[in-house]
$ cat model_9.cif   # mmCIF, C-alpha atoms and all ligand atoms
data_input
#
loop_
_atom_site.label_atom_id
_atom_site.label_comp_id
_atom_site.auth_asym_id
_atom_site.auth_seq_id
_atom_site.Cartn_x
_atom_site.Cartn_y
_atom_site.Cartn_z
CA MET A 190 0.00 0.00 0.00
CA VAL A 191 1.29 3.50 -0.81
CA ASN A 192 1.25 5.52 2.37
CA ALA A 193 0.97 9.31 2.24
CA ILE A 194 1.88 9.63 5.91
CA PRO A 195 5.58 9.25 6.80
CA ALA A 196 6.01 5.84 8.40
CA ALA A 197 6.50 6.01 12.16
CA TRP A 198 5.99 3.61 15.01
CA ARG A 199 5.56 3.64 18.75
CA PHE A 200 6.51 1.06 21.35
CA SER A 201 4.77 0.85 24.73
CA THR A 202 4.94 -1.60 27.61
CA ALA A 203 4.48 -1.67 31.41
CA ASP A 204 6.15 1.29 33.19
CA GLU A 205 8.68 -1.01 34.88
CA VAL A 206 9.60 -4.68 34.91
CA LEU A 207 11.33 -6.47 37.76
CA PHE A 208 12.53 -9.93 36.68
CA GLY A 209 14.29 -12.74 38.53
CA CYS A 210 14.03 -15.67 40.92
CA GLY A 211 12.79 -14.37 44.26
CA VAL A 212 11.66 -10.88 43.15
CA ALA A 213 8.11 -11.58 44.40
CA GLU A 214 9.52 -11.12 47.89
CA ARG A 215 10.32 -7.49 47.02
CA ILE A 216 6.75 -6.50 46.33
CA GLY A 217 6.37 -4.76 49.72
CA VAL A 218 9.53 -2.72 49.23
CA GLU A 219 8.39 -1.74 45.73
CA ALA A 220 5.04 -0.56 47.07
CA ARG A 221 6.66 1.30 49.96
CA HIS A 222 9.02 3.14 47.54
CA ARG A 223 5.93 4.44 45.77
CA ASN A 224 4.31 5.62 49.04
CA LEU A 225 1.50 3.09 48.78
CA SER A 226 -0.12 1.81 51.95
CA CYS A 227 -3.00 -0.57 51.22
CA ALA A 228 -3.20 -3.33 48.60
CA LEU A 229 -6.02 -5.43 47.20
CA ILE A 230 -4.63 -8.75 45.95
CA VAL A 231 -6.71 -10.34 43.17
CA ALA A 232 -6.15 -14.10 43.52
CA ASP A 233 -7.96 -17.47 43.43
CA PRO A 234 -8.04 -20.61 45.60
CA ASN A 235 -5.07 -22.16 43.73
CA MET A 236 -2.90 -19.14 44.55
CA ILE A 237 -3.73 -19.63 48.23
CA LYS A 238 -3.12 -23.38 48.11
CA ALA A 239 0.25 -22.91 46.39
CA GLY A 240 1.34 -20.46 49.12
CA LEU A 241 1.71 -17.59 46.64
CA VAL A 242 -0.75 -15.26 48.38
CA ASP A 243 1.21 -15.92 51.55
CA THR A 244 4.51 -14.92 49.88
CA VAL A 245 3.00 -11.64 48.69
CA GLN A 246 1.27 -10.82 51.99
CA ARG A 247 4.41 -11.59 54.00
CA SER A 248 6.39 -9.17 51.87
CA LEU A 249 3.71 -6.46 52.16
CA ARG A 250 3.51 -6.90 55.95
CA ALA A 251 7.29 -6.55 56.27
CA SER A 252 6.94 -3.13 54.60
CA ARG A 253 3.93 -2.20 56.78
CA ILE A 254 1.45 -2.31 53.92
CA ALA A 255 -2.09 -3.46 54.67
CA SER A 256 -3.61 -6.05 52.36
CA HIS A 257 -6.99 -7.53 51.45
CA VAL A 258 -7.43 -10.66 49.35
CA PHE A 259 -10.06 -11.16 46.66
CA GLU A 260 -10.17 -14.97 46.34
CA GLY A 261 -12.85 -15.11 43.66
CA GLY A 262 -10.63 -15.40 40.58
CA VAL A 263 -11.60 -18.07 38.04
CA PRO A 264 -10.06 -19.30 34.77
CA GLU A 265 -11.29 -17.34 31.72
CA PRO A 266 -13.19 -14.83 33.89
CA GLY A 267 -16.34 -12.90 33.04
CA THR A 268 -17.77 -9.50 33.91
CA ALA A 269 -19.33 -10.76 37.18
CA THR A 270 -15.88 -11.65 38.57
CA VAL A 271 -14.49 -8.22 37.64
CA ASN A 272 -17.49 -6.47 39.19
CA ALA A 273 -17.11 -8.49 42.42
CA ALA A 274 -13.41 -7.54 42.65
CA ALA A 275 -14.25 -3.86 42.01
CA GLU A 276 -16.94 -4.05 44.72
CA MET A 277 -14.36 -5.32 47.18
CA ALA A 278 -12.04 -2.48 46.17
CA ARG A 279 -14.78 0.08 46.83
CA ALA A 280 -15.18 -1.35 50.34
CA ALA A 281 -11.45 -1.73 51.16
CA ARG A 282 -10.26 1.50 49.44
CA PRO A 283 -6.81 0.25 48.40
CA ASP A 284 -4.25 2.54 46.74
CA LEU A 285 -2.69 -0.46 44.95
CA ILE A 286 -4.22 -3.43 43.14
CA ILE A 287 -2.09 -6.54 42.70
CA GLY A 288 -3.04 -9.10 40.04
CA LEU A 289 -1.55 -12.40 41.22
CA GLY A 290 -2.05 -15.38 38.92
CA GLY A 291 -2.23 -16.27 35.28
CA GLY A 292 -3.76 -14.04 32.63
CA SER A 293 -7.17 -14.58 34.21
CA ASN A 294 -6.45 -12.93 37.58
CA MET A 295 -4.20 -10.25 36.06
CA ASP A 296 -6.94 -9.28 33.61
CA VAL A 297 -9.52 -9.11 36.41
CA ALA A 298 -7.16 -6.85 38.40
CA LYS A 299 -6.62 -4.53 35.42
CA VAL A 300 -10.31 -4.05 34.60
CA ALA A 301 -11.36 -3.94 38.28
CA ALA A 302 -8.88 -1.06 38.71
CA ALA A 303 -10.66 0.80 35.87
CA VAL A 304 -14.11 0.18 37.38
CA TYR A 305 -12.84 1.21 40.86
CA ALA A 306 -11.38 4.45 39.47
CA HIS A 307 -14.10 5.45 37.03
CA GLY A 308 -17.31 3.75 38.19
CA GLY A 309 -19.90 1.81 36.22
CA SER A 310 -19.35 -1.87 35.60
CA ALA A 311 -16.93 -4.03 33.61
CA ALA A 312 -19.10 -4.18 30.48
CA ASP A 313 -18.87 -0.37 30.11
CA TYR A 314 -15.20 -0.67 29.17
CA PHE A 315 -15.32 -3.23 26.34
CA GLY A 316 -13.65 -1.94 23.17
CA GLU A 317 -10.72 0.37 22.45
CA ASN A 318 -9.94 3.42 24.57
CA ARG A 319 -13.04 3.38 26.75
CA VAL A 320 -11.10 3.82 30.02
CA PRO A 321 -11.15 7.60 30.46
CA GLY A 322 -8.00 8.09 32.57
CA PRO A 323 -5.45 6.61 34.98
CA THR A 324 -6.39 4.10 37.68
CA VAL A 325 -4.73 3.28 41.00
CA PRO A 326 -1.42 1.57 40.20
CA VAL A 327 -1.62 -2.09 39.26
CA PHE A 328 1.24 -4.48 40.01
CA ALA A 329 0.98 -7.61 37.85
CA VAL A 330 2.57 -10.79 39.18
CA PRO A 331 2.28 -13.63 36.63
CA THR A 332 2.24 -17.21 37.94
CA THR A 333 1.97 -18.81 34.50
CA ALA A 334 4.51 -18.31 31.71
CA GLY A 335 1.99 -17.49 29.05
CA THR A 336 -0.21 -14.49 28.46
CA GLY A 337 2.19 -11.58 28.95
CA SER A 338 -0.75 -9.70 30.48
CA GLU A 339 1.75 -8.27 33.01
CA VAL A 340 2.87 -5.77 30.34
CA THR A 341 -0.09 -5.45 27.95
CA ALA A 342 -2.72 -2.76 27.52
CA VAL A 343 -5.42 -5.39 27.04
CA ALA A 344 -7.63 -7.57 29.23
CA VAL A 345 -9.84 -10.33 27.87
CA ILE A 346 -13.12 -10.81 29.73
CA GLU A 347 -16.24 -12.79 28.91
CA ASP A 348 -19.32 -10.67 28.33
CA GLU A 349 -21.66 -12.98 30.21
CA ALA A 350 -24.73 -11.38 28.70
CA ARG A 351 -23.58 -12.41 25.20
CA HIS A 352 -21.35 -15.44 25.99
CA LEU A 353 -18.55 -13.70 24.11
CA LYS A 354 -14.91 -13.04 25.01
CA LEU A 355 -14.24 -9.35 24.50
CA ALA A 356 -11.23 -7.12 25.00
CA VAL A 357 -10.86 -4.04 27.10
CA ALA A 358 -7.99 -2.18 25.41
CA SER A 359 -6.59 1.05 26.79
CA PRO A 360 -3.15 2.45 27.61
CA HIS A 361 -4.50 3.06 31.14
CA LEU A 362 -4.67 -0.72 31.62
CA ARG A 363 -0.89 -1.16 31.46
CA PRO A 364 0.45 -2.34 34.81
CA ARG A 365 2.66 0.16 36.63
CA LEU A 366 5.02 -2.64 37.58
CA ALA A 367 5.40 -6.21 36.33
CA ILE A 368 6.97 -8.47 38.94
CA VAL A 369 8.10 -11.50 36.96
CA ASP A 370 9.42 -14.23 39.26
CA PRO A 371 10.08 -17.60 37.56
CA LEU A 372 9.87 -19.43 40.89
CA LEU A 373 6.12 -18.66 41.07
CA THR A 374 5.49 -20.93 38.08
CA ARG A 375 6.88 -24.08 39.74
CA SER A 376 3.49 -24.96 41.25
CA CYS A 377 1.75 -24.77 37.84
CA PRO A 378 0.13 -28.07 36.84
CA ALA A 379 1.86 -29.54 33.73
CA LYS A 380 -1.28 -28.96 31.66
CA VAL A 381 -1.32 -25.23 32.54
CA THR A 382 2.44 -24.96 31.82
CA ALA A 383 1.94 -26.57 28.40
CA GLU A 384 -1.15 -24.62 27.37
CA SER A 385 0.01 -21.20 28.59
CA GLY A 386 3.48 -21.83 27.12
CA MET A 387 1.96 -22.57 23.71
CA ASP A 388 -0.05 -19.33 24.01
CA ALA A 389 3.23 -17.44 24.49
CA LEU A 390 4.52 -19.06 21.29
CA VAL A 391 1.37 -17.98 19.44
CA HIS A 392 1.88 -14.40 20.71
CA ALA A 393 5.45 -14.32 19.42
CA VAL A 394 4.66 -15.96 16.05
CA GLU A 395 1.65 -13.72 15.41
CA ALA A 396 3.56 -10.58 16.49
CA TYR A 397 6.38 -11.51 14.10
CA THR A 398 4.10 -12.10 11.12
CA VAL A 399 1.37 -9.43 11.35
CA VAL A 400 1.48 -6.60 8.82
CA SER A 401 4.27 -4.08 9.17
CA TYR A 402 3.67 -0.69 10.86
CA ASP A 403 3.93 1.12 7.51
CA ALA A 404 0.99 -0.87 6.13
CA LEU A 405 -1.41 0.88 8.53
CA ASP A 406 -2.54 4.18 7.14
CA ALA A 407 -2.69 6.33 10.29
CA LEU A 408 -0.43 8.56 12.33
CA PRO A 409 0.97 6.92 15.49
CA GLU A 410 -1.33 8.92 17.80
CA ALA A 411 -4.41 7.92 15.81
CA ARG A 412 -3.60 4.21 15.73
CA PRO A 413 -5.34 1.47 17.67
CA GLN A 414 -3.36 -0.42 20.35
CA PHE A 415 -2.04 -2.82 17.75
CA THR A 416 0.21 -0.88 15.38
CA GLY A 417 1.89 -3.57 13.27
CA ARG A 418 5.29 -5.19 13.61
CA GLN A 419 8.39 -2.99 13.82
CA PRO A 420 12.08 -3.45 14.71
CA ILE A 421 11.61 -3.67 18.50
CA THR A 422 8.72 -6.15 18.32
CA ASP A 423 10.64 -8.26 15.77
CA ALA A 424 13.63 -8.53 18.13
CA LEU A 425 11.43 -9.41 21.11
CA ALA A 426 9.48 -12.04 19.15
CA GLU A 427 12.64 -13.69 17.83
CA ARG A 428 14.13 -14.06 21.30
CA ALA A 429 10.84 -15.38 22.68
CA ILE A 430 10.52 -18.02 19.94
CA ARG A 431 14.09 -19.23 20.46
CA LEU A 432 13.54 -19.49 24.23
CA ILE A 433 10.27 -21.42 23.85
CA GLY A 434 11.87 -23.86 21.38
CA ARG A 435 14.62 -24.49 23.92
CA HIS A 436 12.68 -24.53 27.22
CA LEU A 437 8.98 -25.41 26.93
CA ARG A 438 9.39 -29.19 26.91
CA ALA A 439 11.62 -29.14 29.99
CA ALA A 440 9.28 -26.75 31.84
CA VAL A 441 6.42 -29.23 31.29
CA TYR A 442 8.28 -32.43 32.17
CA GLN A 443 10.74 -31.18 34.81
CA PRO A 444 8.63 -28.70 36.78
CA ASN A 445 11.47 -27.85 39.17
CA ALA A 446 14.06 -27.17 36.45
CA VAL A 447 14.74 -23.52 37.28
CA ALA A 448 16.57 -22.74 34.01
CA ALA A 449 13.52 -23.89 32.02
CA ARG A 450 11.15 -21.89 34.24
CA GLU A 451 13.35 -18.81 33.82
CA GLY A 452 13.56 -19.28 30.06
CA MET A 453 9.79 -19.64 29.72
CA HIS A 454 8.95 -16.72 32.03
CA LEU A 455 11.29 -14.48 30.06
CA ALA A 456 9.82 -15.76 26.78
CA ALA A 457 6.25 -15.04 27.87
CA LEU A 458 7.23 -11.55 29.01
CA LEU A 459 9.03 -10.74 25.73
CA ALA A 460 6.20 -12.18 23.64
CA GLY A 461 3.71 -10.04 25.63
CA MET A 462 5.82 -6.93 24.97
CA ALA A 463 5.96 -7.82 21.28
CA PHE A 464 2.29 -8.53 20.60
CA SER A 465 0.98 -5.73 22.74
CA SER A 466 2.44 -3.22 20.26
CA ALA A 467 2.58 -5.29 17.05
CA GLY A 468 -0.74 -7.14 17.21
CA LEU A 469 -2.20 -10.63 17.07
CA GLY A 470 -4.03 -12.56 14.37
CA ALA A 471 -6.30 -15.38 13.33
CA ALA A 472 -5.29 -17.97 15.96
CA HIS A 473 -6.65 -15.56 18.57
CA ALA A 474 -9.77 -14.57 16.60
CA LEU A 475 -10.61 -18.26 16.09
CA GLN A 476 -9.86 -19.31 19.67
CA TYR A 477 -12.63 -17.17 21.15
CA PRO A 478 -15.54 -19.08 19.51
CA VAL A 479 -13.67 -22.40 19.77
CA GLY A 480 -13.08 -21.88 23.50
CA ALA A 481 -16.71 -20.91 24.07
CA ALA A 482 -18.02 -23.98 22.19
CA THR A 483 -15.63 -26.55 23.66
CA HIS A 484 -14.99 -25.11 27.16
CA THR A 485 -11.25 -25.35 26.67
CA SER A 486 -8.58 -22.91 27.82
CA HIS A 487 -7.26 -19.98 25.81
CA GLY A 488 -3.77 -21.47 25.41
CA LEU A 489 -5.06 -24.90 24.40
CA GLY A 490 -7.13 -23.30 21.65
CA THR A 491 -4.56 -20.84 20.29
CA GLY A 492 -1.85 -23.53 20.43
CA LEU A 493 -4.02 -26.14 18.73
CA LEU A 494 -4.96 -23.73 15.94
CA LEU A 495 -1.57 -22.12 15.30
CA PRO A 496 -0.10 -24.61 12.77
CA TYR A 497 -3.28 -24.51 10.66
CA VAL A 498 -3.21 -20.70 10.69
CA VAL A 499 0.48 -20.71 9.73
CA GLU A 500 -0.28 -23.09 6.85
CA TYR A 501 -2.78 -20.57 5.49
CA LEU A 502 -0.44 -17.59 5.99
CA LEU A 503 2.70 -19.24 4.53
CA PRO A 504 2.37 -17.82 0.98
CA ALA A 505 2.09 -14.27 2.39
CA ALA A 506 5.32 -14.31 4.43
CA PRO A 507 7.43 -17.36 3.51
CA LYS A 508 10.76 -15.86 4.64
CA ARG A 509 9.44 -14.92 8.05
CA PHE A 510 8.04 -18.42 8.64
CA ALA A 511 11.32 -19.93 7.38
CA ARG A 512 13.20 -17.93 10.05
CA ILE A 513 10.77 -19.07 12.74
CA ALA A 514 11.40 -22.69 11.71
CA ALA A 515 15.14 -22.18 12.21
CA TRP A 516 14.61 -20.49 15.59
CA LEU A 517 12.55 -23.49 16.69
CA GLY A 518 15.56 -25.68 15.91
CA GLU A 519 14.75 -26.94 12.40
CA ASP A 520 17.67 -27.46 10.05
CA VAL A 521 16.56 -25.47 7.00
CA LYS A 522 19.94 -24.93 5.35
CA GLY A 523 19.76 -24.98 1.57
CA MET A 524 15.94 -25.01 1.49
CA SER A 525 13.78 -22.57 -0.42
CA ALA A 526 11.75 -20.17 1.78
CA ALA A 527 8.58 -22.12 0.91
CA GLU A 528 10.11 -25.47 1.92
CA ALA A 529 11.56 -24.01 5.12
CA GLY A 530 8.20 -22.40 5.91
CA ARG A 531 6.57 -25.86 5.79
CA ARG A 532 9.07 -26.91 8.43
CA CYS A 533 7.63 -24.18 10.66
CA VAL A 534 4.22 -25.93 10.55
CA GLU A 535 5.86 -29.28 11.33
CA ALA A 536 7.95 -27.87 14.19
CA ILE A 537 4.87 -26.38 15.86
CA GLN A 538 2.90 -29.62 15.44
CA ARG A 539 5.76 -31.59 17.00
CA LEU A 540 6.03 -29.19 19.95
CA LYS A 541 2.26 -29.42 20.47
CA GLN A 542 2.42 -33.20 20.48
CA ASP A 543 5.45 -33.34 22.77
CA VAL A 544 3.82 -31.17 25.45
CA GLY A 545 0.51 -33.08 25.25
CA LEU A 546 -1.80 -30.64 23.47
CA PRO A 547 -4.63 -32.18 21.41
CA MET A 548 -3.83 -32.10 17.69
CA ARG A 549 -7.25 -31.51 16.12
CA LEU A 550 -10.51 -29.71 16.85
CA ARG A 551 -12.43 -33.01 16.79
CA ASP A 552 -10.23 -34.19 19.71
CA ILE A 553 -11.72 -31.46 21.94
CA GLY A 554 -15.34 -32.11 21.01
CA ALA A 555 -15.84 -29.44 18.32
CA ARG A 556 -18.74 -30.42 16.06
CA GLU A 557 -18.27 -30.22 12.31
CA GLU A 558 -21.61 -28.50 11.72
CA ARG A 559 -20.55 -25.72 14.12
CA LEU A 560 -17.43 -24.77 12.14
CA ARG A 561 -19.23 -22.28 9.90
CA PRO A 562 -20.91 -20.40 12.79
CA MET A 563 -17.55 -20.33 14.60
CA ALA A 564 -15.91 -18.80 11.52
CA GLU A 565 -18.69 -16.20 11.33
CA GLN A 566 -18.10 -15.34 14.96
CA ALA A 567 -14.32 -15.12 14.48
CA ALA A 568 -14.84 -12.77 11.53
CA THR A 569 -16.23 -10.15 13.93
CA TYR A 570 -12.81 -9.73 15.60
CA GLN A 571 -11.58 -7.14 13.11
CA ARG A 572 -9.09 -5.63 15.59
CA LEU A 573 -7.18 -8.92 15.15
CA LEU A 574 -7.95 -9.83 11.54
CA ARG A 575 -6.98 -6.46 10.09
CA MET A 576 -3.40 -7.28 11.20
CA SER A 577 -3.22 -10.46 9.08
CA PRO A 578 -0.57 -10.58 6.33
CA ARG A 579 -3.04 -12.51 4.13
CA PRO A 580 -6.68 -11.36 3.91
CA LEU A 581 -9.11 -13.46 5.93
CA ASP A 582 -12.82 -13.57 5.17
CA VAL A 583 -15.39 -15.97 6.61
CA ASN A 584 -14.60 -18.60 3.99
CA ALA A 585 -10.87 -18.48 4.70
CA LEU A 586 -11.53 -18.73 8.45
CA GLU A 587 -13.84 -21.69 7.88
CA GLY A 588 -11.14 -23.31 5.73
CA ILE A 589 -8.63 -23.02 8.57
CA LEU A 590 -11.14 -24.55 11.01
CA ARG A 591 -11.80 -27.42 8.56
CA SER A 592 -8.09 -28.26 8.31
CA ALA A 593 -7.84 -28.07 12.10
CA TRP A 594 -10.89 -30.31 12.49
N1 LIG B 601 -4.40 -9.55 28.79
C1 LIG B 601 -3.70 -10.16 27.87
O1 LIG B 601 -2.84 -9.52 27.27
C2 LIG B 601 -3.97 -11.59 27.58
C3 LIG B 601 -3.22 -12.27 26.61
C4 LIG B 601 -3.49 -13.62 26.37
C5 LIG B 601 -4.48 -14.27 27.09
N2 LIG B 601 -5.21 -13.60 28.02
C6 LIG B 601 -6.27 -14.24 28.83
O2 LIG B 601 -5.64 -14.90 29.93
C7 LIG B 601 -6.44 -16.02 30.35
C8 LIG B 601 -5.60 -17.29 30.42
O3 LIG B 601 -4.54 -17.11 31.32
P1 LIG B 601 -3.50 -18.27 31.66
O4 LIG B 601 -3.24 -19.07 30.45
O5 LIG B 601 -2.35 -17.62 32.31
O6 LIG B 601 -4.28 -19.23 32.65
P2 LIG B 601 -5.23 -18.89 33.91
O7 LIG B 601 -4.87 -17.59 34.52
O8 LIG B 601 -6.64 -19.05 33.46
O9 LIG B 601 -4.83 -20.05 34.91
C9 LIG B 601 -5.21 -21.39 34.63
C10 LIG B 601 -5.33 -22.19 35.93
O10 LIG B 601 -4.05 -22.40 36.49
C11 LIG B 601 -4.01 -22.03 37.84
N3 LIG B 601 -2.66 -21.53 38.13
C12 LIG B 601 -2.03 -20.49 37.51
N4 LIG B 601 -0.78 -20.36 37.98
C13 LIG B 601 -0.61 -21.33 38.92
C14 LIG B 601 0.49 -21.69 39.76
N5 LIG B 601 1.67 -21.06 39.69
N6 LIG B 601 0.31 -22.70 40.61
C15 LIG B 601 -0.87 -23.38 40.65
N7 LIG B 601 -1.93 -23.09 39.87
C16 LIG B 601 -1.79 -22.08 39.01
C17 LIG B 601 -5.07 -20.95 37.97
O11 LIG B 601 -5.54 -20.85 39.29
C18 LIG B 601 -6.14 -21.45 37.01
O12 LIG B 601 -6.98 -22.39 37.64
C19 LIG B 601 -7.58 -16.12 29.33
O13 LIG B 601 -8.74 -15.52 29.85
C20 LIG B 601 -7.04 -15.33 28.15
O14 LIG B 601 -8.07 -14.83 27.31
C21 LIG B 601 -4.95 -12.28 28.27
FE FE B 602 -3.13 -15.46 23.81
#
$ encode --input "model_9.cif" --output "structure tokens" --more "lines below"
Ligand SMILES: NC(=O)c1ccc[n+]([C@@H]2O[C@H](COP(=O)([O-])OP(=O)(O)OC[C@H]3O[C@@H](n4cnc5c(N)ncnc54)[C@H](O)[C@@H]3O)[C@@H](O)[C@H]2O)c1
Ligand SMILES: [Fe+2]
Amino acid sequence: MVNAIPAAWRFSTADEVLFGCGVAERIGVEARHRNLSCALIVADPNMIKAGLVDTVQRSLRASRIASHVFEGGVPEPGTATVNAAAEMARAARPDLIIGLGGGSNMDVAKVAAAVYAHGGSAADYFGENRVPGPTVPVFAVPTTAGTGSEVTAVAVIEDEARHLKLAVASPHLRPRLAIVDPLLTRSCPAKVTAESGMDALVHAVEAYTVVSYDALDALPEARPQFTGRQPITDALAERAIRLIGRHLRAAVYQPNAVAAREGMHLAALLAGMAFSSAGLGAAHALQYPVGAATHTSHGLGTGLLLPYVVEYLLPAAPKRFARIAAWLGEDVKGMSAAEAGRRCVEAIQRLKQDVGLPMRLRDIGAREERLRPMAEQAATYQRLLRMSPRPLDVNALEGILRSAW
């Protein structure tokens, strides 16, 4: 596309990132440095059972910071969970909200902070730029190596009225501080490690292969959250893909292998930084209806679908997929870009199989006659599909679902 506006790009992420084994124990000191005095911790029963709420509360107590715990987090949360957390915030009046958990709890914390600051209820904030201003600071403490929500300007919440996963996207949703401690992921069940780890791979692959920033015809200030890939997001995505190729299998099968946990937590963080500026694509648009129909997790769905999406996209970006194949450890020397790109599909399928993800949609109970309605639903996620390097209409989306079925 010929672009009349000089090409320019922007990169945004969380204000600060603290990374390393044991950094969760510094959360109290970090809050104290910022003159904060009362925290609401958004958690769930698994966080309590694993002793992670205890770790955070101990650290807050040592810095004389009061804390309240919202224990109502659930996987793939909906508006009711966000509204309940915001209600608790209104009663406890915290000056800090901590999202402790996987993407689910972090997303609840981010949107609850918006509702607490600006009133109304969660559903009022669906869409782009509907949060009118800053919120109390949010610290995001991921306990899965997956979503990257600790640095993103997005939260994904089910609109319970419509049984639809929708995004709240706003720069005001970015956490003030991401506290990324690999040791917190050691209690993750293997299934959660595998599924969230595959989601991180999907983030990196989609961020690396969306359209380039100069394909979007708008000035940086007028752009949506997703602005297309650019040099910073390319570098982040490459490192994330290499790390996942090297560490995901070990993280799943040797849960206490600290090097693997570190590699995966760094990968998920970098992939989150990459996609949050560059964008995501069809694997995400298709996962929302697939997840709703089959009651499967976000990472299982995006991971299952990724190779079929890549197969469709190959002709549009063969060199990029060839590089991804090499980063995942494939020997592609001497191959044409098209041949090497095929290896990318095979490498992802092998990784899926090795970490125990189902291979096909029929394996998770998707019904063939529902594929068309799912494709129609996926086609409504234009904020994702407009980033695709190859155009995607309902027929193309249905084609991808059929190959995945
Ligand atoms: N905001 C974003 O940028 C973004 C990006 C991708 C996905 N998402 C959303 O994130 C959600 C998925 O998040 P997820 O994959 O991290 O899983 P999750 O947060 O749903 O967690 C899955 C399960 O694992 C448990 N768990 C998590 N960490 C644990 C630990 N260390 N020890 C023991 N149990 C643990 C949780 O309690 C939960 O039951 C979806 O709703 C998805 O749409 C958000
Ligand atoms: Fe995702």
$ closest_atom_pairs --input "model_9.cif" --of "stretch 441-539 of chain A" --to "stretch 372-380 of chain A" --cutoff "12 Å" --atoms "all atoms listed in the file" --output "CSV"
residue,atom,partner,partner_atom,distance
A:Val441,CA,A:Ala379,CA,5.2
A:Tyr442,CA,A:Ala379,CA,7.2
A:Gln443,CA,A:Ala379,CA,9.1
A:Pro444,CA,A:Arg375,CA,5.8
A:Asn445,CA,A:Arg375,CA,6.0
A:Ala446,CA,A:Arg375,CA,8.5
A:Val447,CA,A:Leu372,CA,7.3
A:Ala448,CA,A:Leu372,CA,10.2
A:Ala449,CA,A:Arg375,CA,10.2
A:Arg450,CA,A:Thr374,CA,6.9
A:Glu451,CA,A:Leu372,CA,7.9
A:Gly452,CA,A:Leu372,CA,11.4
A:Met453,CA,A:Thr374,CA,9.5
A:His454,CA,A:Thr374,CA,8.1
A:Leu455,CA,A:Thr374,CA,11.8
A:Ala457,CA,A:Thr374,CA,11.8
A:Thr485,CA,A:Lys380,CA,11.7
A:Ser486,CA,A:Lys380,CA,10.2
A:Gly488,CA,A:Lys380,CA,10.1
A:Leu489,CA,A:Lys380,CA,9.1
$ closest_atom_pairs --input "model_9.cif" --of "chain A" --to "ligand FE 602 (chain B)" --cutoff "12 Å" --atoms "only C-alpha atoms and all ligand atoms" --output "CSV"
residue,atom,partner,partner_atom,distance
A:Glu265,CA,B:FE602,FE,11.5
A:Gly291,CA,B:FE602,FE,11.5
A:Gly292,CA,B:FE602,FE,9.0
A:Ser293,CA,B:FE602,FE,11.2
A:Ala334,CA,B:FE602,FE,11.4
A:Gly335,CA,B:FE602,FE,7.6
A:Thr336,CA,B:FE602,FE,5.6
A:Gly337,CA,B:FE602,FE,8.4
A:Ser338,CA,B:FE602,FE,9.1
A:Thr341,CA,B:FE602,FE,11.3
A:Val343,CA,B:FE602,FE,10.8
A:Ala344,CA,B:FE602,FE,10.6
A:Val345,CA,B:FE602,FE,9.4
A:Ala356,CA,B:FE602,FE,11.7
A:Glu384,CA,B:FE602,FE,10.0
A:Ser385,CA,B:FE602,FE,8.1
A:Gly386,CA,B:FE602,FE,9.8
A:Met387,CA,B:FE602,FE,8.7
A:Asp388,CA,B:FE602,FE,5.0
A:Ala389,CA,B:FE602,FE,6.7
A:Leu390,CA,B:FE602,FE,8.8
A:Val391,CA,B:FE602,FE,6.8
A:His392,CA,B:FE602,FE,6.0
A:Ala393,CA,B:FE602,FE,9.7
A:Val394,CA,B:FE602,FE,11.0
A:Glu395,CA,B:FE602,FE,9.8
A:Ala396,CA,B:FE602,FE,11.1
A:Ala457,CA,B:FE602,FE,10.2
A:Ala460,CA,B:FE602,FE,9.9
A:Gly461,CA,B:FE602,FE,8.9
A:Phe464,CA,B:FE602,FE,9.4
A:Ser465,CA,B:FE602,FE,10.6
A:Gly468,CA,B:FE602,FE,10.9
A:Leu469,CA,B:FE602,FE,8.3
A:Gly470,CA,B:FE602,FE,9.9
A:Ala471,CA,B:FE602,FE,10.9
A:Ala472,CA,B:FE602,FE,8.5
A:His473,CA,B:FE602,FE,6.3
A:Ala474,CA,B:FE602,FE,9.8
A:Leu475,CA,B:FE602,FE,11.1
A:Gln476,CA,B:FE602,FE,8.8
A:Tyr477,CA,B:FE602,FE,10.0
A:Gly480,CA,B:FE602,FE,11.8
A:Ser486,CA,B:FE602,FE,10.1
A:His487,CA,B:FE602,FE,6.4
A:Gly488,CA,B:FE602,FE,6.3
A:Leu489,CA,B:FE602,FE,9.7
A:Gly490,CA,B:FE602,FE,9.1
A:Thr491,CA,B:FE602,FE,6.6
A:Gly492,CA,B:FE602,FE,8.8
A:Leu493,CA,B:FE602,FE,11.9
A:Leu494,CA,B:FE602,FE,11.6
A:Leu495,CA,B:FE602,FE,10.9
A:Leu573,CA,B:FE602,FE,11.6
$ atom_distance --input "model_9.cif" --atom1 "atom CA of A:Val218" --atom2 "atom CA of A:Ala301"
23.6 Å
$ atom_distance --input "model_9.cif" --atom1 "atom CA of A:Glu528" --atom2 "atom CA of A:Met462"
29.9 Å
$ closest_residue --input "model_9.cif" --among "A:Ile216, A:Ile433, A:Ala350, A:Val263" --to "ligand LIG 601 (chain B)" --atoms "only C-alpha atoms and all ligand atoms"
A:Val263
$ residues_around --input "model_9.cif" --residues "A:Arg199" --least-positions-apart "2" --cutoff "12 Å" --atoms "only C-alpha atoms" --output "ChimeraX atom specification"
/A:196-197,201-202,402-403,408-422,463,465-467
$ atom_distance --input "model_9.cif" --atom1 "atom CA of A:Ile430" --atom2 "atom CA of A:Ile513"
7.3 Å
$ closest_residue --input "model_9.cif" --among "A:Leu289, A:Leu590, A:Ala342, A:Leu229" --to "A:Glu558" --atoms "all atoms listed in the file"
A:Leu590
$ closest_residue --input "model_9.cif" --among "A:Ala251, A:Ile537, A:Leu366, A:Val340" --to "ligand LIG 601 (chain B)" --atoms "all atoms listed in the file"
A:Val340
